[in-house]
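Chemist: Quick one: structure below, then a few questions.
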Amino acid sequence: MLIKYCQIDGGNFGDDLNTLIWSQLFPDLSALKGAVLFYGIGTLLDGRHNRAIKKVVLGTGIGEINATMPDPNWDFRWVRGLLSAREFNLPTALALGDSSLLWSGLHAGHNEHGPIGLIPHYRTWDSYDWDSVAANAGMVAINPRQAPSAVIAQMRNCSRILSESLHGAICADAIEIPWASCILAHRFNEFKWKDWLSTIQRPFTPFVTDRPLIKTIRHTKAWANQLARWVRYKRHTRYPALRPIAASTDTDAARVSDALARYGRCEINFYCSKPSDIARQKERMLEHCSLFASDYNLRFNP
């Protein structure tokens with residue numbers, strides 16, 4: 001079986017969780033290679049798939065409305081959230097949540113007196129010096145391009161998490177670290193966040209910066225971004241107003257740091273799900289994993 005996930009050049013810890021979870025749960029998963037595609041963690045149900053091959057879905061989701069394609073070879077065990085279930089006309093009971101909860105490294109425990117950890121999207125991370133921005137806000141930046149174990153270790157040293165990375169929030173929720181979402185750049189995908197949030201009954205109330213931060217930008221890219229702002233390109237799922245049209249100044253960075261600091265001082269912005277709710281969600285996922293293993297004659301190691 002081929003595990004289908006986004007293999008990001010330079011790494012992205014959320015996507016890379018796929019390499020840790022599935023081989024542990026299903027030790028002989030490779031026996032199905034060539035016969036079945038396996039969709040786990042990520043935003044993968046975008047219509048770009050092989051209609052001729054069987055595809056098993058354990059927790060992935062879609063990234064925007066009207067992106068599904070009819071296919072008799074889907075085998076949905078569960079999806080990331082209610083929005084994904086609705087797009088595929090699946091029962092709401094199959095909107096269980098993100099399967100990263102199944103990673104054994106996500107157990108409770110963190111430094112309640114540590115700093116706030118800021119986790120940008122991996123592409124946002126590349127665009128600017130977020131270590132300095134976070135430090136000036138009294139926070140610590142966490143590089144999402146690190147291995148999952150390294151990201152989680154840094155998160156555990158934090159009292160709270162402010163995350164633009166979806167899996168930063170998902171992992172914080174599982175570890176029981178109070179967290180909040182933030183939007184630092186235009187590439188933030190509101191749809192996938194609302195999809196997952198629907199499974200923990202949490203409203204979408206992110207911190208939104210008033211300006212993007214970027215080290216440099218080509219003239220042609222700046223012009224294209226200006227056009228995207230005018231036409232409000234992908235305004236229903238992304239944030240076109242945050243497309244950069246010029247390199248950021250020190251003043252821009254200082255203002256973003258100040259805004260982050262003000263938001264961070266309001267502790268009411270940060271909270272996490274009830275541990276019992278997360279445990280119940282994980283239990284239901286494991287039940288579906290057990291049934292999947294039985295149906296495909298695989299060993300199951302919960």
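Residues are named by chain letter and number: chains run A, B, ... in the order of the structure tokens, numbers start at 1 in each chain, and ligands are numbered from 1 in the order shown.
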Enumerate as a PDB file with N, CA and C atoms, in the first residue's frame all residues of range 48-268 of chain A assigned to strand (DSSP E or B) by DSSP on the backbone, naming them with the chain letters and numbers the document uses.

Modeler:
ATOM      1  N   LYS A  54      -8.232   1.444  -5.795  1.00  0.00           N
ATOM      2  CA  LYS A  54      -8.914   1.535  -4.506  1.00  0.00           C
ATOM      3  C   LYS A  54      -8.196   2.543  -3.615  1.00  0.00           C
ATOM      4  N   LYS A  55      -8.956   3.372  -2.921  1.00  0.00           N
ATOM      5  CA  LYS A  55      -8.387   4.411  -2.062  1.00  0.00           C
ATOM      6  C   LYS A  55      -9.082   4.381  -0.703  1.00  0.00           C
ATOM      7  N   VAL A  56      -8.292   4.151   0.338  1.00  0.00           N
ATOM      8  CA  VAL A  56      -8.820   4.096   1.696  1.00  0.00           C
ATOM      9  C   VAL A  56      -8.503   5.404   2.407  1.00  0.00           C
ATOM     10  N   VAL A  57      -9.504   5.979   3.055  1.00  0.00           N
ATOM     11  CA  VAL A  57      -9.353   7.274   3.738  1.00  0.00           C
ATOM     12  C   VAL A  57      -9.508   7.082   5.241  1.00  0.00           C
ATOM     13  N   LEU A  58      -8.441   7.411   5.976  1.00  0.00           N
ATOM     14  CA  LEU A  58      -8.479   7.385   7.431  1.00  0.00           C
ATOM     15  C   LEU A  58      -8.088   8.761   7.966  1.00  0.00           C
ATOM     16  N   GLY A  61      -8.822  15.224   4.701  1.00  0.00           N
ATOM     17  CA  GLY A  61      -9.929  16.116   4.407  1.00  0.00           C
ATOM     18  C   GLY A  61      -9.757  16.816   3.083  1.00  0.00           C
ATOM     19  N   TRP A  74     -13.575   4.902  -3.732  1.00  0.00           N
ATOM     20  CA  TRP A  74     -13.278   5.441  -2.412  1.00  0.00           C
ATOM     21  C   TRP A  74     -13.744   4.461  -1.336  1.00  0.00           C
ATOM     22  N   ASP A  75     -12.966   4.301  -0.303  1.00  0.00           N
ATOM     23  CA  ASP A  75     -13.354   3.544   0.883  1.00  0.00           C
ATOM     24  C   ASP A  75     -13.141   4.471   2.080  1.00  0.00           C
ATOM     25  N   PHE A  76     -14.183   5.210   2.446  1.00  0.00           N
ATOM     26  CA  PHE A  76     -14.084   6.186   3.528  1.00  0.00           C
ATOM     27  C   PHE A  76     -14.294   5.514   4.882  1.00  0.00           C
ATOM     28  N   ARG A  77     -13.253   5.506   5.710  1.00  0.00           N
ATOM     29  CA  ARG A  77     -13.375   5.011   7.082  1.00  0.00           C
ATOM     30  C   ARG A  77     -13.734   6.168   8.022  1.00  0.00           C
ATOM     31  N   TRP A  78     -13.084   7.305   7.833  1.00  0.00           N
ATOM     32  CA  TRP A  78     -13.520   8.558   8.442  1.00  0.00           C
ATOM     33  C   TRP A  78     -12.788   9.700   7.767  1.00  0.00           C
ATOM     34  N   VAL A  79     -13.324  10.924   7.945  1.00  0.00           N
ATOM     35  CA  VAL A  79     -12.703  12.125   7.373  1.00  0.00           C
ATOM     36  C   VAL A  79     -12.443  13.138   8.484  1.00  0.00           C
ATOM     37  N   ALA A  95     -17.314  11.985  10.450  1.00  0.00           N
ATOM     38  CA  ALA A  95     -16.488  13.183  10.649  1.00  0.00           C
ATOM     39  C   ALA A  95     -15.860  13.090  12.042  1.00  0.00           C
ATOM     40  N   ILE A 116       4.747  31.668  25.515  1.00  0.00           N
ATOM     41  CA  ILE A 116       3.813  31.312  24.445  1.00  0.00           C
ATOM     42  C   ILE A 116       4.630  30.881  23.235  1.00  0.00           C
ATOM     43  N   GLY A 117       4.264  29.772  22.647  1.00  0.00           N
ATOM     44  CA  GLY A 117       4.923  29.295  21.441  1.00  0.00           C
ATOM     45  C   GLY A 117       4.161  29.749  20.202  1.00  0.00           C
ATOM     46  N   LEU A 118       4.867  30.326  19.241  1.00  0.00           N
ATOM     47  CA  LEU A 118       4.265  30.783  17.986  1.00  0.00           C
ATOM     48  C   LEU A 118       4.686  29.825  16.871  1.00  0.00           C
ATOM     49  N   ILE A 119       3.704  29.208  16.204  1.00  0.00           N
ATOM     50  CA  ILE A 119       4.001  28.241  15.145  1.00  0.00           C
ATOM     51  C   ILE A 119       3.417  28.741  13.826  1.00  0.00           C
ATOM     52  N   MET A 139       7.406  35.957  22.968  1.00  0.00           N
ATOM     53  CA  MET A 139       7.064  34.569  22.637  1.00  0.00           C
ATOM     54  C   MET A 139       8.302  33.835  22.144  1.00  0.00           C
ATOM     55  N   VAL A 140       8.151  32.565  21.860  1.00  0.00           N
ATOM     56  CA  VAL A 140       9.214  31.784  21.242  1.00  0.00           C
ATOM     57  C   VAL A 140       8.675  31.175  19.949  1.00  0.00           C
ATOM     58  N   ALA A 141       9.423  31.328  18.869  1.00  0.00           N
ATOM     59  CA  ALA A 141       8.998  30.771  17.585  1.00  0.00           C
ATOM     60  C   ALA A 141       9.373  29.296  17.503  1.00  0.00           C
ATOM     61  N   ARG A 160       1.379  28.164  26.491  1.00  0.00           N
ATOM     62  CA  ARG A 160       0.288  28.300  25.537  1.00  0.00           C
ATOM     63  C   ARG A 160       0.865  28.256  24.118  1.00  0.00           C
ATOM     64  N   ILE A 161       0.006  28.005  23.154  1.00  0.00           N
ATOM     65  CA  ILE A 161       0.427  27.917  21.759  1.00  0.00           C
ATOM     66  C   ILE A 161      -0.456  28.824  20.902  1.00  0.00           C
ATOM     67  N   LEU A 162       0.187  29.629  20.053  1.00  0.00           N
ATOM     68  CA  LEU A 162      -0.512  30.441  19.056  1.00  0.00           C
ATOM     69  C   LEU A 162      -0.061  29.915  17.701  1.00  0.00           C
ATOM     70  N   SER A 163      -0.981  29.304  16.963  1.00  0.00           N
ATOM     71  CA  SER A 163      -0.557  28.538  15.795  1.00  0.00           C
ATOM     72  C   SER A 163      -1.275  28.929  14.510  1.00  0.00           C
ATOM     73  N   TRP A 179      -4.502  26.800  23.518  1.00  0.00           N
ATOM     74  CA  TRP A 179      -4.018  27.291  22.230  1.00  0.00           C
ATOM     75  C   TRP A 179      -5.027  28.241  21.591  1.00  0.00           C
ATOM     76  N   ALA A 180      -4.537  28.976  20.606  1.00  0.00           N
ATOM     77  CA  ALA A 180      -5.374  29.840  19.773  1.00  0.00           C
ATOM     78  C   ALA A 180      -4.803  29.792  18.362  1.00  0.00           C
ATOM     79  N   SER A 181      -5.638  30.100  17.391  1.00  0.00           N
ATOM     80  CA  SER A 181      -5.186  30.123  15.996  1.00  0.00           C
ATOM     81  C   SER A 181      -4.811  31.544  15.591  1.00  0.00           C
ATOM     82  N   CYS A 182      -3.930  31.648  14.590  1.00  0.00           N
ATOM     83  CA  CYS A 182      -3.541  32.961  14.093  1.00  0.00           C
ATOM     84  C   CYS A 182      -3.372  32.907  12.580  1.00  0.00           C
ATOM     85  N   ILE A 183      -3.557  34.047  11.949  1.00  0.00           N
ATOM     86  CA  ILE A 183      -3.400  34.179  10.499  1.00  0.00           C
ATOM     87  C   ILE A 183      -2.317  35.216  10.252  1.00  0.00           C
ATOM     88  N   PHE A 207      -6.541  35.174  15.684  1.00  0.00           N
ATOM     89  CA  PHE A 207      -5.848  36.449  15.611  1.00  0.00           C
ATOM     90  C   PHE A 207      -5.460  36.650  14.147  1.00  0.00           C
ATOM     91  N   VAL A 208      -5.723  37.829  13.599  1.00  0.00           N
ATOM     92  CA  VAL A 208      -5.386  38.115  12.201  1.00  0.00           C
ATOM     93  C   VAL A 208      -4.465  39.331  12.164  1.00  0.00           C
TER      94      VAL A 208
END

Chemist: Within 7 Å of Ser99 in chain A, counting only C-alpha atoms, which residues show up once you throw out same-chain ones fewer than 3 positions away? Write them as a count of residues only, please.

Modeler: 5

Chemist: In Å, how far is it from CA of Leu101 in chain A to CA of Ala293 in chain A?

Modeler: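 Answer for the CA of Leu101 in chain A to CA of Ala293 in chain A separation: 18.1 Å.
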
Chemist: Please run DSSP on the backbone and report, as number ranges by chain, all residues within range 79-183 of chain A that come out as alpha helix (DSSP H).

Modeler: A: 82-87, 122-127, 130-136, 148-156, 166-175

Chemist: I need the residue nearest Ala241 in chain A from this list: A:Ala185, A:Ile200, A:Leu44, A:Ala150. Use only C-alpha atoms for the distance.

Modeler: A:Ala185

Chemist: In Å, how far is it from CA of Pro206 in chain A to CA of Asp258 in chain A?

Modeler: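 Calculated distance between CA of Pro206 in chain A and CA of Asp258 in chain A is 16.4 Å.
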
Chemist: Counting only C-alpha atoms, what is within 8 Å of Met285 in chain A, bar same-chain residues fewer than 2 positions away, as an NGL selection string?

Modeler: :A and (78 or 96 or 99 or 102 or 281-283 or 287-289)

Chemist: Which residue is closest to Phe26 in chain A? Choose from A:Ala224, A:Ile3, A:Cys158, A:Leu83 and count only C-alpha atoms.

Modeler: A:Ile3

Chemist: At a cut-off of 8 Å, using only C-alpha atoms, what residues contact range 296-301 of chain A? Leave out same-chain residues fewer than 4 positions from it and give the result as a PyMOL selection string.

Modeler: chain A and resi 24-29+289-290+292

Chemist: Excluding range 10-13 of chain A and its own-chain neighbours fewer than 5 positions away, which residues fall within 10 Å of it when counting only C-alpha atoms? Please give them as a count of residues only.

Modeler: 17

Chemist: What's the 9 Å shell around Tyr239 in chain A, counting only C-alpha atoms, without same-chain residues fewer than 3 positions away, as a list in words?

Modeler: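 Near Tyr239 in chain A, the qualifying residues are Ile183, Ala185, His186, Arg187, Phe188, Asn189, Glu190, Arg229, Arg232, Tyr233, Lys234, Arg235, His236, Leu242 and Arg243 of chain A.
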
Chemist: Restricting it to C-alpha atoms, dump the selection as a compact mmCIF listing (two decimals), in the first residue's frame.

Modeler:
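The resulting file, result04.txt, is reproduced below:
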# COMPACT_ATOMS: atom_id res chain seq x y z
CA ILE A 183 -3.40 34.18 10.50
CA ALA A 185 -0.19 35.30 5.71
CA HIS A 186 -2.57 34.88 2.78
CA ARG A 187 -2.02 31.12 2.40
CA PHE A 188 -3.95 30.33 5.59
CA ASN A 189 -6.72 27.90 4.59
CA GLU A 190 -9.86 28.79 6.53
CA ARG A 229 -5.94 41.65 -3.90
CA ARG A 232 -10.02 39.00 -4.01
CA TYR A 233 -8.62 35.75 -5.34
CA LYS A 234 -9.77 32.71 -3.31
CA ARG A 235 -11.38 35.04 -0.79
CA HIS A 236 -13.64 32.25 0.53
CA LEU A 242 -2.45 39.60 3.16
CA ARG A 243 -0.63 38.93 -0.11

Chemist: To one decimal place in Å, what is the distance between CA of Ser248 in chain A and CA of Ile214 in chain A?

Modeler: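 Result for CA of Ser248 in chain A versus CA of Ile214 in chain A: 5.5 Å, one decimal.
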